[in-house]
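Heads up, final02.cif below (mmCIF, C-alpha atoms):
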```
data_final
#
loop_
_atom_site.label_atom_id
_atom_site.label_comp_id
_atom_site.auth_asym_id
_atom_site.auth_seq_id
_atom_site.Cartn_x
_atom_site.Cartn_y
_atom_site.Cartn_z
CA MET A 1 29.91 -13.74 19.34
CA THR A 2 32.57 -15.81 17.60
CA ALA A 3 29.95 -17.86 15.82
CA TRP A 4 28.41 -14.61 14.68
CA GLU A 5 31.72 -13.36 13.41
CA ASN A 6 32.38 -16.56 11.51
CA ARG A 7 29.08 -16.32 9.78
CA ARG A 8 29.20 -14.63 6.42
CA ILE A 9 27.24 -11.39 6.33
CA ARG A 10 24.51 -11.87 3.78
CA THR A 11 23.04 -9.07 1.74
CA LEU A 12 20.10 -9.03 -0.63
CA VAL A 13 19.49 -6.49 -3.34
CA PHE A 14 15.95 -6.65 -4.61
CA ILE A 15 14.47 -4.98 -7.65
CA PRO A 16 10.73 -4.47 -7.99
CA ALA A 17 9.85 -4.83 -11.65
CA TRP A 18 6.60 -4.49 -13.53
CA ASN A 19 6.92 -5.08 -17.26
CA GLU A 20 10.56 -4.06 -17.38
CA ALA A 21 11.81 -6.84 -19.63
CA GLU A 22 13.95 -4.44 -21.63
CA SER A 23 15.94 -2.96 -18.78
CA VAL A 24 15.86 -5.54 -16.00
CA ALA A 25 18.70 -7.70 -17.30
CA SER A 26 21.15 -4.81 -17.60
CA VAL A 27 20.26 -3.59 -14.12
CA ILE A 28 20.88 -7.06 -12.69
CA GLY A 29 24.16 -7.29 -14.61
CA ASP A 30 25.18 -3.95 -13.18
CA VAL A 31 24.33 -4.96 -9.64
CA ARG A 32 26.25 -8.22 -9.93
CA GLU A 33 29.26 -6.41 -11.31
CA ARG A 34 29.29 -3.65 -8.71
CA LEU A 35 28.17 -5.77 -5.77
CA PRO A 36 29.49 -9.27 -6.41
CA GLU A 37 28.86 -10.40 -2.84
CA VAL A 38 25.10 -9.83 -2.78
CA ASP A 39 22.20 -12.01 -3.85
CA VAL A 40 19.84 -10.43 -6.33
CA LEU A 41 16.10 -10.90 -6.21
CA VAL A 42 13.70 -9.51 -8.75
CA VAL A 43 10.18 -9.05 -7.44
CA ASP A 44 8.14 -9.46 -10.57
CA ASP A 45 4.92 -7.59 -9.85
CA GLY A 46 2.62 -9.55 -12.11
CA SER A 47 4.42 -8.65 -15.32
CA THR A 48 2.79 -9.72 -18.55
CA ASP A 49 6.00 -9.50 -20.54
CA ALA A 50 9.21 -11.51 -20.24
CA THR A 51 10.50 -9.70 -17.15
CA ALA A 52 10.76 -12.86 -15.04
CA ALA A 53 12.48 -14.84 -17.79
CA ARG A 54 14.98 -12.04 -18.54
CA ALA A 55 15.72 -11.74 -14.82
CA ARG A 56 16.38 -15.48 -14.46
CA GLU A 57 18.64 -15.46 -17.52
CA ALA A 58 20.58 -12.61 -15.96
CA GLY A 59 21.16 -14.75 -12.89
CA ALA A 60 18.71 -13.26 -10.43
CA ARG A 61 16.27 -15.08 -8.25
CA VAL A 62 12.70 -14.21 -9.11
CA ALA A 63 9.67 -13.90 -6.87
CA SER A 64 6.64 -13.51 -9.10
CA LEU A 65 3.46 -12.04 -7.68
CA PRO A 66 0.55 -13.78 -9.40
CA PHE A 67 -1.02 -10.44 -10.33
CA ASN A 68 -0.03 -6.81 -10.25
CA GLN A 69 -0.21 -5.54 -6.69
CA GLY A 70 1.48 -2.17 -6.90
CA LEU A 71 4.91 -0.94 -5.93
CA GLY A 72 4.26 -0.98 -2.18
CA ALA A 73 3.30 -4.64 -2.15
CA ALA A 74 6.23 -5.52 -4.40
CA LEU A 75 8.69 -3.76 -2.10
CA GLN A 76 7.14 -5.46 0.90
CA THR A 77 7.62 -8.80 -0.83
CA GLY A 78 11.32 -8.01 -1.06
CA TYR A 79 11.54 -7.11 2.63
CA LEU A 80 9.60 -10.25 3.52
CA TYR A 81 11.96 -12.39 1.45
CA ALA A 82 15.02 -10.80 3.03
CA LEU A 83 13.60 -11.36 6.50
CA ARG A 84 12.51 -14.96 5.94
CA GLU A 85 15.74 -15.99 4.20
CA GLY A 86 17.81 -14.56 7.00
CA TYR A 87 19.62 -11.77 5.21
CA ASP A 88 21.45 -9.29 7.43
CA PHE A 89 21.02 -6.32 5.11
CA CYS A 90 18.99 -5.50 2.07
CA ALA A 91 18.72 -2.75 -0.48
CA HIS A 92 16.34 -2.06 -3.31
CA LEU A 93 16.48 -0.04 -6.49
CA ASP A 94 14.28 0.51 -9.51
CA ALA A 95 14.32 -1.78 -12.53
CA ASP A 96 14.20 1.00 -15.10
CA GLY A 97 17.87 1.84 -14.78
CA GLN A 98 17.41 5.16 -12.98
CA HIS A 99 19.39 3.97 -10.00
CA PRO A 100 23.05 3.21 -10.54
CA PRO A 101 23.98 0.14 -8.46
CA ALA A 102 27.25 1.80 -7.51
CA GLU A 103 25.18 4.23 -5.48
CA ALA A 104 23.30 1.40 -3.81
CA ALA A 105 26.68 0.16 -2.63
CA ARG A 106 27.20 3.42 -0.80
CA LEU A 107 23.81 3.12 0.91
CA LEU A 108 24.61 -0.43 1.96
CA ALA A 109 27.93 0.69 3.39
CA GLU A 110 26.03 3.02 5.72
CA VAL A 111 23.75 0.33 7.16
CA ARG A 112 26.56 -2.20 7.34
CA ALA A 113 28.60 0.27 9.35
CA GLY A 114 25.64 0.54 11.73
CA ARG A 115 25.28 4.28 11.21
CA ALA A 116 21.59 3.94 10.40
CA ASP A 117 18.80 1.37 10.24
CA LEU A 118 17.36 2.72 7.01
CA VAL A 119 19.23 4.74 4.43
CA ILE A 120 17.53 6.68 1.65
CA GLY A 121 19.26 7.62 -1.55
CA SER A 122 18.40 11.26 -2.15
CA ARG A 123 18.40 12.90 -5.55
CA TYR A 124 18.22 16.37 -4.13
CA HIS A 125 21.26 16.98 -2.06
CA GLU A 126 20.95 20.39 -0.54
CA ASP A 127 22.43 21.63 2.68
CA GLY A 128 23.45 19.01 5.18
CA VAL A 129 25.59 17.51 2.46
CA SER A 130 29.15 18.64 2.30
CA ALA A 131 30.54 20.04 -0.92
CA ALA A 132 33.01 17.20 -1.04
CA ASP A 133 30.18 14.68 -0.94
CA ALA A 134 28.34 16.49 -3.68
CA GLU A 135 31.51 16.57 -5.73
CA ASP A 136 32.02 12.90 -5.19
CA VAL A 137 28.54 12.19 -6.47
CA GLY A 138 29.04 14.41 -9.47
CA GLY A 139 27.69 13.55 -12.90
CA GLU A 140 24.50 14.61 -14.57
CA ASP A 141 21.80 15.37 -12.09
CA TYR A 142 18.29 14.12 -12.16
CA LYS A 143 15.93 16.87 -13.28
CA ALA A 144 12.34 17.03 -12.11
CA THR A 145 9.33 18.50 -13.89
CA ILE A 146 7.45 21.44 -12.36
CA SER A 147 4.45 19.49 -11.06
CA ARG A 148 6.80 16.92 -9.64
CA GLN A 149 8.83 19.62 -7.96
CA ILE A 150 5.72 21.07 -6.31
CA GLY A 151 4.69 17.65 -5.05
CA ILE A 152 8.17 16.98 -3.79
CA SER A 153 8.40 20.19 -1.82
CA VAL A 154 4.91 19.73 -0.33
CA PHE A 155 5.77 16.23 0.82
CA ARG A 156 9.13 17.35 2.05
CA PHE A 157 7.46 20.02 4.17
CA PHE A 158 4.81 17.77 5.67
CA LEU A 159 7.08 14.81 6.25
CA THR A 160 9.55 17.06 8.01
CA LEU A 161 6.67 18.41 10.09
CA ALA A 162 5.48 14.89 10.92
CA THR A 163 8.85 13.37 11.71
CA ARG A 164 10.78 16.42 12.90
CA GLN A 165 13.57 15.12 10.76
CA ARG A 166 14.71 16.71 7.54
CA PHE A 167 14.15 14.73 4.37
CA THR A 168 14.99 16.02 0.93
CA ASP A 169 13.87 13.11 -1.23
CA THR A 170 10.70 11.61 0.17
CA THR A 171 9.81 9.44 -2.79
CA SER A 172 13.17 7.92 -3.51
CA GLY A 173 12.98 4.27 -4.49
CA MET A 174 16.57 3.49 -3.61
CA ARG A 175 17.06 2.38 -0.05
CA ALA A 176 19.15 0.16 2.15
CA ALA A 177 18.04 -1.41 5.41
CA ASN A 178 18.94 -3.75 8.23
CA ARG A 179 16.88 -6.46 9.92
CA ARG A 180 15.03 -4.11 12.23
CA VAL A 181 13.60 -2.40 9.17
CA MET A 182 12.83 -5.73 7.47
CA GLU A 183 10.85 -6.76 10.54
CA LEU A 184 8.90 -3.52 10.56
CA PHE A 185 8.24 -3.24 6.83
CA SER A 186 7.37 -6.88 6.24
CA GLU A 187 4.39 -6.42 8.56
CA ASN A 188 3.51 -2.75 8.08
CA TYR A 189 3.84 -1.31 4.65
CA SER A 190 1.18 0.85 3.13
CA PRO A 191 0.31 -0.36 -0.35
CA ASP A 192 -0.84 3.11 -1.40
CA PHE A 193 1.84 5.39 -0.20
CA ALA A 194 4.79 3.18 0.36
CA GLU A 195 7.63 5.67 0.09
CA ILE A 196 6.36 8.43 2.31
CA GLU A 197 4.47 6.49 4.91
CA SER A 198 7.32 4.06 5.38
CA LEU A 199 9.64 6.94 6.30
CA GLN A 200 7.14 8.31 8.77
CA LEU A 201 6.62 4.84 10.20
CA ALA A 202 10.32 4.12 10.58
CA VAL A 203 10.96 7.41 12.36
CA ARG A 204 7.96 6.90 14.63
CA GLU A 205 9.20 3.46 15.60
CA GLY A 206 12.46 4.99 16.70
CA LEU A 207 14.60 3.68 13.85
CA ARG A 208 17.51 5.73 12.65
CA VAL A 209 16.74 6.96 9.16
CA GLU A 210 19.39 8.72 7.15
CA GLU A 211 19.66 10.26 3.72
CA VAL A 212 22.67 9.86 1.51
CA PRO A 213 22.99 11.94 -1.65
CA VAL A 214 23.07 9.83 -4.78
CA ARG A 215 23.22 10.47 -8.47
CA MET A 216 20.25 9.23 -10.45
CA LEU A 217 19.85 9.04 -14.17
CA GLU A 218 17.01 10.19 -16.35
CA ARG A 219 14.55 7.41 -16.88
CA ALA A 220 15.51 5.44 -19.94
CA GLY A 221 12.06 5.19 -21.48
CA GLY A 222 8.45 6.09 -20.78
CA SER A 223 7.23 9.23 -19.10
CA SER A 224 6.31 10.11 -15.57
CA PHE A 225 2.70 9.40 -14.76
CA LEU A 226 2.18 12.75 -13.04
CA THR A 227 -0.17 15.18 -14.75
CA PRO A 228 -1.13 18.32 -12.76
CA LEU A 229 -4.51 16.89 -11.76
CA ARG A 230 -2.98 13.59 -10.76
CA SER A 231 -0.31 15.41 -8.82
CA ALA A 232 -2.97 17.30 -6.89
CA PHE A 233 -4.79 14.08 -6.08
CA PHE A 234 -1.49 12.42 -5.20
CA ILE A 235 -0.59 15.25 -2.84
CA PHE A 236 -4.03 15.23 -1.23
CA LYS A 237 -3.86 11.49 -0.67
CA GLY A 238 -0.36 11.79 0.69
CA MET A 239 -1.41 14.38 3.23
CA ILE A 240 -4.23 12.18 4.48
CA VAL A 241 -1.82 9.29 4.77
CA LEU A 242 0.64 11.39 6.75
CA LEU A 243 -2.08 12.79 9.00
CA VAL A 244 -3.50 9.36 9.78
CA GLY A 245 -0.02 7.99 10.26
CA GLN A 246 0.58 10.44 13.08
CA PHE A 247 -2.19 8.81 15.10
CA ARG A 248 -1.30 5.23 14.39
CA PRO A 249 -0.37 3.09 17.41
CA ARG A 250 3.30 2.24 17.65
CA GLN A 251 4.12 -1.30 16.56
CA ILE A 252 7.48 -2.31 17.95
CA GLY A 253 6.77 -1.39 21.54
CA ALA A 254 3.46 -3.21 21.45
CA SER A 255 4.64 -6.45 19.90
CA ARG A 256 7.53 -7.04 22.26
CA MET B 1 -45.45 31.51 15.78
CA SER B 2 -49.04 30.99 14.86
CA LEU B 3 -47.91 29.55 11.59
CA LEU B 4 -45.80 27.02 13.42
CA LEU B 5 -48.68 26.03 15.65
CA LEU B 6 -50.90 25.75 12.64
CA ALA B 7 -48.38 23.53 10.92
CA ALA B 8 -48.05 21.37 14.03
CA ALA B 9 -51.78 21.03 14.29
CA GLU B 10 -52.11 20.17 10.65
CA GLN B 11 -49.27 17.69 10.80
CA PRO B 12 -50.50 14.77 8.79
CA LYS B 13 -50.33 11.41 10.47
CA VAL B 14 -48.82 8.81 8.25
CA HIS B 15 -51.25 8.06 5.55
CA LEU B 16 -50.19 5.42 3.15
CA THR B 17 -52.77 4.35 0.64
CA PRO B 18 -53.55 0.63 0.60
CA GLN B 19 -51.94 0.41 -2.83
CA THR B 20 -48.67 1.83 -1.52
CA ARG B 21 -48.70 -0.53 1.42
CA ILE B 22 -49.37 -3.57 -0.73
CA LEU B 23 -46.68 -2.51 -3.20
CA ALA B 24 -44.18 -1.98 -0.38
CA ALA B 25 -45.02 -5.36 1.15
CA VAL B 26 -44.68 -7.12 -2.19
CA ILE B 27 -41.33 -5.45 -2.88
CA ALA B 28 -40.10 -6.35 0.60
CA VAL B 29 -41.09 -10.01 0.20
CA ALA B 30 -39.66 -10.19 -3.32
CA PHE B 31 -36.46 -8.61 -2.05
CA MET B 32 -36.08 -11.21 0.69
CA LEU B 33 -36.85 -14.03 -1.73
CA MET B 34 -34.11 -12.67 -3.99
CA ILE B 35 -31.67 -12.71 -1.08
CA LEU B 36 -32.65 -16.33 -0.34
CA GLU B 37 -32.15 -17.28 -3.96
CA LEU B 38 -28.72 -15.64 -4.07
CA ILE B 39 -27.68 -17.60 -0.98
CA ARG B 40 -29.08 -20.80 -2.45
CA ARG B 41 -27.02 -20.36 -5.60
CA GLY B 42 -23.94 -19.58 -3.60
CA ARG B 43 -23.65 -16.04 -4.95
CA LEU B 44 -24.10 -14.47 -1.53
CA GLN B 45 -22.64 -15.67 1.74
CA GLU B 46 -24.96 -16.02 4.72
CA ARG B 47 -22.95 -13.68 6.89
CA PHE B 48 -23.44 -10.83 4.43
CA SER B 49 -27.16 -11.55 4.08
CA VAL B 50 -28.18 -10.73 7.65
CA VAL B 51 -28.20 -6.98 7.10
CA TRP B 52 -30.30 -7.32 3.95
CA PHE B 53 -32.86 -9.48 5.72
CA VAL B 54 -33.09 -6.91 8.48
CA ALA B 55 -33.70 -4.26 5.80
CA GLY B 56 -36.36 -6.42 4.13
CA ILE B 57 -38.12 -7.13 7.44
CA GLY B 58 -38.05 -3.42 8.30
CA MET B 59 -39.64 -2.60 4.98
CA LEU B 60 -42.31 -5.24 5.48
CA ALA B 61 -43.03 -4.01 9.00
CA GLY B 62 -43.42 -0.48 7.70
CA ALA B 63 -45.94 -1.67 5.14
CA ILE B 64 -47.97 -3.76 7.58
CA PHE B 65 -47.93 -1.27 10.49
CA PRO B 66 -48.03 2.22 8.97
CA GLY B 67 -48.17 3.76 12.44
CA LEU B 68 -44.63 2.53 13.05
CA LEU B 69 -43.08 5.16 10.84
CA GLY B 70 -44.95 7.93 12.61
CA THR B 71 -43.72 6.65 15.98
CA VAL B 72 -40.14 6.58 14.75
CA ALA B 73 -40.47 10.08 13.33
CA ASP B 74 -41.83 11.31 16.67
CA LEU B 75 -38.91 9.67 18.47
CA MET B 76 -36.50 11.41 16.15
CA GLY B 77 -38.31 14.70 16.66
CA VAL B 78 -38.93 14.98 12.94
CA ARG B 79 -42.28 16.40 11.92
CA ASP B 80 -42.34 15.03 8.41
CA THR B 81 -42.45 11.25 8.34
CA ASN B 82 -41.05 11.22 4.80
CA VAL B 83 -37.97 13.08 5.97
CA ALA B 84 -37.60 10.58 8.81
CA LEU B 85 -37.89 7.68 6.38
CA PHE B 86 -35.34 9.07 3.95
CA SER B 87 -32.86 10.01 6.67
CA ILE B 88 -33.02 6.54 8.17
CA ILE B 89 -32.52 4.87 4.81
CA LEU B 90 -29.74 7.26 3.85
CA LEU B 91 -27.86 6.71 7.10
CA LEU B 92 -28.25 2.95 6.87
CA LEU B 93 -26.91 2.91 3.31
CA LEU B 94 -24.04 5.20 4.27
CA GLY B 95 -23.10 2.88 7.13
CA LEU B 96 -23.40 -0.14 4.89
CA ALA B 97 -21.21 1.39 2.18
CA LEU B 98 -18.56 2.23 4.77
CA ASN B 99 -18.79 -1.30 6.13
CA PHE B 100 -18.12 -2.65 2.65
CA SER B 101 -15.11 -0.39 2.22
CA VAL B 102 -13.72 -1.76 5.47
CA ILE B 103 -14.30 -5.32 4.32
CA MET B 104 -12.76 -4.54 0.94
CA SER B 105 -9.66 -3.04 2.54
CA ARG B 106 -9.19 -6.08 4.73
CA GLN B 107 -9.59 -8.41 1.79
CA ALA B 108 -7.21 -6.37 -0.35
CA ALA B 109 -4.59 -6.74 2.39
CA GLN B 110 -5.27 -10.47 2.62
CA ILE B 111 -5.01 -10.92 -1.14
CA THR B 112 -1.71 -9.03 -1.18
CA ARG B 113 -0.26 -11.18 1.58
CA LEU B 114 -1.48 -14.32 -0.15
CA ALA B 115 0.17 -13.25 -3.40
CA GLN B 116 3.39 -12.47 -1.55
CA GLU B 117 3.44 -15.81 0.23
CA ARG B 118 2.95 -17.63 -3.05
CA ALA B 119 5.69 -15.59 -4.74
CA LEU B 120 8.14 -16.38 -1.93
CA GLU B 121 7.25 -20.04 -1.92
CA LYS B 122 7.80 -20.34 -5.65
CA ALA B 123 11.08 -18.46 -5.43
CA ARG B 124 12.24 -20.80 -2.67
CA GLU B 125 11.17 -23.81 -4.70
CA GLU B 126 13.10 -22.56 -7.72
CA ALA B 127 16.20 -21.94 -5.63
CA ARG B 128 15.98 -25.45 -4.19
CA SER B 129 15.56 -27.16 -7.58
CA GLY B 130 18.46 -25.05 -8.85
CA GLU B 131 20.71 -26.39 -6.09
CA ASN B 132 19.61 -30.02 -6.48
CA GLY B 133 21.44 -30.85 -9.64
CA GLY B 134 19.27 -29.17 -12.25
CA GLU B 135 20.59 -26.35 -14.35
CA PRO B 136 23.06 -24.24 -12.38
CA GLU B 137 20.93 -21.22 -11.74
CA ARG B 138 23.41 -19.24 -9.71
CA GLU B 139 27.09 -18.86 -10.19
CA ARG B 140 29.44 -19.45 -7.32
CA LEU B 141 29.91 -16.34 -5.25
#
```
For the file at hand, write its structure as structure tokens.
Amino acid sequence: MTAWENRRIRTLVFIPAWNEAESVASVIGDVRERLPEVDVLVVDDGSTDATAARAREAGARVASLPFNQGLGAALQTGYLYALREGYDFCAHLDADGQHPPAEAARLLAEVRAGRADLVIGSRYHEDGVSAADAEDVGGEDYKATISRQIGISVFRFFLTLATRQRFTDTTSGMRAANRRVMELFSENYSPDFAEIESLQLAVREGLRVEEVPVRMLERAGGSSFLTPLRSAFFIFKGMIVLLVGQFRPRQIGASR
Amino acid sequence: MSLLLLAAAEQPKVHLTPQTRILAAVIAVAFMLMILELIRRGRLQERFSVVWFVAGIGMLAGAIFPGLLGTVADLMGVRDTNVALFSIILLLLLGLALNFSVIMSRQAAQITRLAQERALEKAREEARSGENGGEPERERL
């Protein structure tokens, strides 16, 4: 126990990035300023621009996937790195500057305090969040388009049905986790539906998953990829994923 | 009722003209030769060729023994041998396509893990060379 106490708690913040050369450096700078004690890893998901170089210049470690593998695989790479390198806690946020690192610090505080194994930063704080918390978050709120809102509420409904736990922001890309989650996600992480399925998986494996309201910014550049038709397909695929996930054998119990 | 009986009585046994049979046999042989050639050139792995040889042999057998198809159709309880033939082929292709999707999924997962392992290894290598003298990559914490 004493040896454990003497050991410095190590935390990794990883940032999946695919062709984000313009914004990645400022995000890294922000993280290092707000969270000086953490190591920063950029998972470069096969970028064809200078993302990796910008990230190195900004002082981050870089793990470059040799070709684009999708967000799920990139996130899993981060969890795998955190697990292999012996980090106690990890968090991830997007490279496009939507996620203020100060908010990631609040998520990390939750897992460090042992209140949850996995903490999700939620854009949509509804009930269950005290007014004081909402006040504290403050600032300009993230606004969603109509088709996105429909998708969000559908997923919210089905994920709540599947997990019997209330989630408001099922697709949030800002999360913090401990080693139990690293172990689970480094081996089981759906490449297609990373955000939703991972929540379902974590709850099914008996991990404590918690949402914390966070403030997110409008995306700096580019537009959301969701057209109505794509949204419909996205929702359909998500429902299949959730349905199948309900019948998946449990992992943790089996492997130990 | 009488119509049904009539139809049953008039049920044609398989009649393939000699031309059809020869054509089918030639196609079957050519198909198998093509498979062999693909293996020889290394474009097709042996383990994926088995199913295609089975298909080729089945086709050849059908051409040589035309009664075979009728027997199979009887076993299936299908009156029309053509329907039996098409259903069998359709089901086989469906199964094969599904099999390929399974293989593809497995390989996609393997490729992803391979890419991840390489990314981690390179990151570790970079961190090590950064510590061993080189340019100071990371500031002191």
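Separating CA of His92 (chain A) from CA of Val27 (chain A) is a distance of 11.6 Å.
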Report as a VMD selection string the full result of the PyMOL selection byres ((chain B and resi 27) around 12) when it is applied to this structure. chain B and resid 20 to 26 28 to 34 55 to 60 62 to 63
For C-alpha atoms, I'd like the residues from the last selection saved as a PDB file, in the coordinates of the input.
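Produced file out_29.pdb, reproduced below:
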```pdb
ATOM      1  CA  THR B  20     -48.670   1.830  -1.520  1.00  0.00           C
ATOM      2  CA  ARG B  21     -48.700  -0.530   1.420  1.00  0.00           C
ATOM      3  CA  ILE B  22     -49.370  -3.570  -0.730  1.00  0.00           C
ATOM      4  CA  LEU B  23     -46.680  -2.510  -3.200  1.00  0.00           C
ATOM      5  CA  ALA B  24     -44.180  -1.980  -0.380  1.00  0.00           C
ATOM      6  CA  ALA B  25     -45.020  -5.360   1.150  1.00  0.00           C
ATOM      7  CA  VAL B  26     -44.680  -7.120  -2.190  1.00  0.00           C
ATOM      8  CA  ALA B  28     -40.100  -6.350   0.600  1.00  0.00           C
ATOM      9  CA  VAL B  29     -41.090 -10.010   0.200  1.00  0.00           C
ATOM     10  CA  ALA B  30     -39.660 -10.190  -3.320  1.00  0.00           C
ATOM     11  CA  PHE B  31     -36.460  -8.610  -2.050  1.00  0.00           C
ATOM     12  CA  MET B  32     -36.080 -11.210   0.690  1.00  0.00           C
ATOM     13  CA  LEU B  33     -36.850 -14.030  -1.730  1.00  0.00           C
ATOM     14  CA  MET B  34     -34.110 -12.670  -3.990  1.00  0.00           C
ATOM     15  CA  ALA B  55     -33.700  -4.260   5.800  1.00  0.00           C
ATOM     16  CA  GLY B  56     -36.360  -6.420   4.130  1.00  0.00           C
ATOM     17  CA  ILE B  57     -38.120  -7.130   7.440  1.00  0.00           C
ATOM     18  CA  GLY B  58     -38.050  -3.420   8.300  1.00  0.00           C
ATOM     19  CA  MET B  59     -39.640  -2.600   4.980  1.00  0.00           C
ATOM     20  CA  LEU B  60     -42.310  -5.240   5.480  1.00  0.00           C
ATOM     21  CA  GLY B  62     -43.420  -0.480   7.700  1.00  0.00           C
ATOM     22  CA  ALA B  63     -45.940  -1.670   5.140  1.00  0.00           C
TER      23      ALA B  63
END
```
**Study point:** Which of B:Leu96, B:Gln110, B:Ile88, B:Ala123 sits closest to Val50 (chain B) [using only C-alpha atoms]
**Key:**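 Looking only at the distances to Val50 (chain B), the closest residue turns out to be B:Leu96.
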Give the residues of chain B that lie within 6 Å of chain A; count all atoms listed in the file, and format the answer as a PyMOL selection string. chain B and resi 115-116+119-120+123+138
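Proximity ranking of B:Ser101, B:Ala127, B:Trp52, B:Ile111 relative to Leu38 (chain B) places B:Trp52 first, based on only C-alpha atoms.
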inquiry  = Given the point (19.6, 9.4, 7.0) in the file's coordinates, find the residues that have an atom at most 8 Å from it, counting only C-alpha atoms, and give them as a PyMOL selection string.
reply    = chain A and resi 116+118-120+208-212
field: Resolved residues for the PyMOL selection byres ((chain A and resi 25) around 10) as a PyMOL selection string
entry: chain A and resi 20-24+26-31+51-60+95+97
Discussion item. I'd like the interatomic distance between CA of Val241 (chain A) and CA of Leu199 (chain A), to a tenth of an Å.
Written reply: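 For CA of Val241 (chain A) relative to CA of Leu199 (chain A), the distance reads 11.8 Å.
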Computed gap from CA of Lys122 (chain B) to CA of Arg8 (chain A) is 25.2 Å
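Among the candidates A:Ala113, A:Ile15, A:Leu107, A:Ile150, the one nearest to Pro228 (chain A) when counting only C-alpha atoms is A:Ile150.
Distances to Ala109 (chain A) were evaluated for A:Phe233, A:Phe158, A:Trp18, A:Phe89 using all atoms listed in the file, and the minimum falls at A:Phe89.
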Given only C-alpha atoms as the counted atoms, nearest of A:Val214, A:Arg115, A:Ser153, A:Met239 to Pro100 (chain A)
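Checking each candidate against Pro100 (chain A), we get A:Val214 as the closest.
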Within 10 Å of Leu36 (chain B) using only C-alpha atoms, minus same-chain residues under 6 positions, as an mmCIF file with C-alpha atoms, keeping the file's coordinate frame:
```
data_model
loop_
_atom_site.group_PDB
_atom_site.id
_atom_site.type_symbol
_atom_site.label_atom_id
_atom_site.label_comp_id
_atom_site.auth_asym_id
_atom_site.auth_seq_id
_atom_site.Cartn_x
_atom_site.Cartn_y
_atom_site.Cartn_z
ATOM 1 C CA ALA B 30 -39.660 -10.190 -3.320
ATOM 2 C CA GLY B 42 -23.940 -19.580 -3.600
ATOM 3 C CA LEU B 44 -24.100 -14.470 -1.530
ATOM 4 C CA GLU B 46 -24.960 -16.020 4.720
ATOM 5 C CA SER B 49 -27.160 -11.550 4.080
ATOM 6 C CA PHE B 53 -32.860 -9.480 5.720
#
```
inquiry  = If the PyMOL selection byres ((chain A and resi 242-246) around 9) were run on this exact file, what residues would it hold? Put them as a VMD selection string.
reply    = chain A and resid 158 to 159 162 to 163 196 to 197 200 to 201 204 237 to 241 247 to 249
Let me see the file: selected residues, C-alpha atoms, as an mmCIF file, in the coordinates of the input.
```cif
data_model
loop_
_atom_site.group_PDB
_atom_site.id
_atom_site.type_symbol
_atom_site.label_atom_id
_atom_site.label_comp_id
_atom_site.auth_asym_id
_atom_site.auth_seq_id
_atom_site.Cartn_x
_atom_site.Cartn_y
_atom_site.Cartn_z
ATOM 1 C CA PHE A 158 4.810 17.770 5.670
ATOM 2 C CA LEU A 159 7.080 14.810 6.250
ATOM 3 C CA ALA A 162 5.480 14.890 10.920
ATOM 4 C CA THR A 163 8.850 13.370 11.710
ATOM 5 C CA ILE A 196 6.360 8.430 2.310
ATOM 6 C CA GLU A 197 4.470 6.490 4.910
ATOM 7 C CA GLN A 200 7.140 8.310 8.770
ATOM 8 C CA LEU A 201 6.620 4.840 10.200
ATOM 9 C CA ARG A 204 7.960 6.900 14.630
ATOM 10 C CA LYS A 237 -3.860 11.490 -0.670
ATOM 11 C CA GLY A 238 -0.360 11.790 0.690
ATOM 12 C CA MET A 239 -1.410 14.380 3.230
ATOM 13 C CA ILE A 240 -4.230 12.180 4.480
ATOM 14 C CA VAL A 241 -1.820 9.290 4.770
ATOM 15 C CA PHE A 247 -2.190 8.810 15.100
ATOM 16 C CA ARG A 248 -1.300 5.230 14.390
ATOM 17 C CA PRO A 249 -0.370 3.090 17.410
#
```
query = Quick one: of A:Thr48, A:Thr145, A:Thr11, A:Thr160, who's nearest to Ser231 (chain A), counting all atoms listed in the file?
reply =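 Ranked by minimum distance to Ser231 (chain A), first place goes to A:Thr145.
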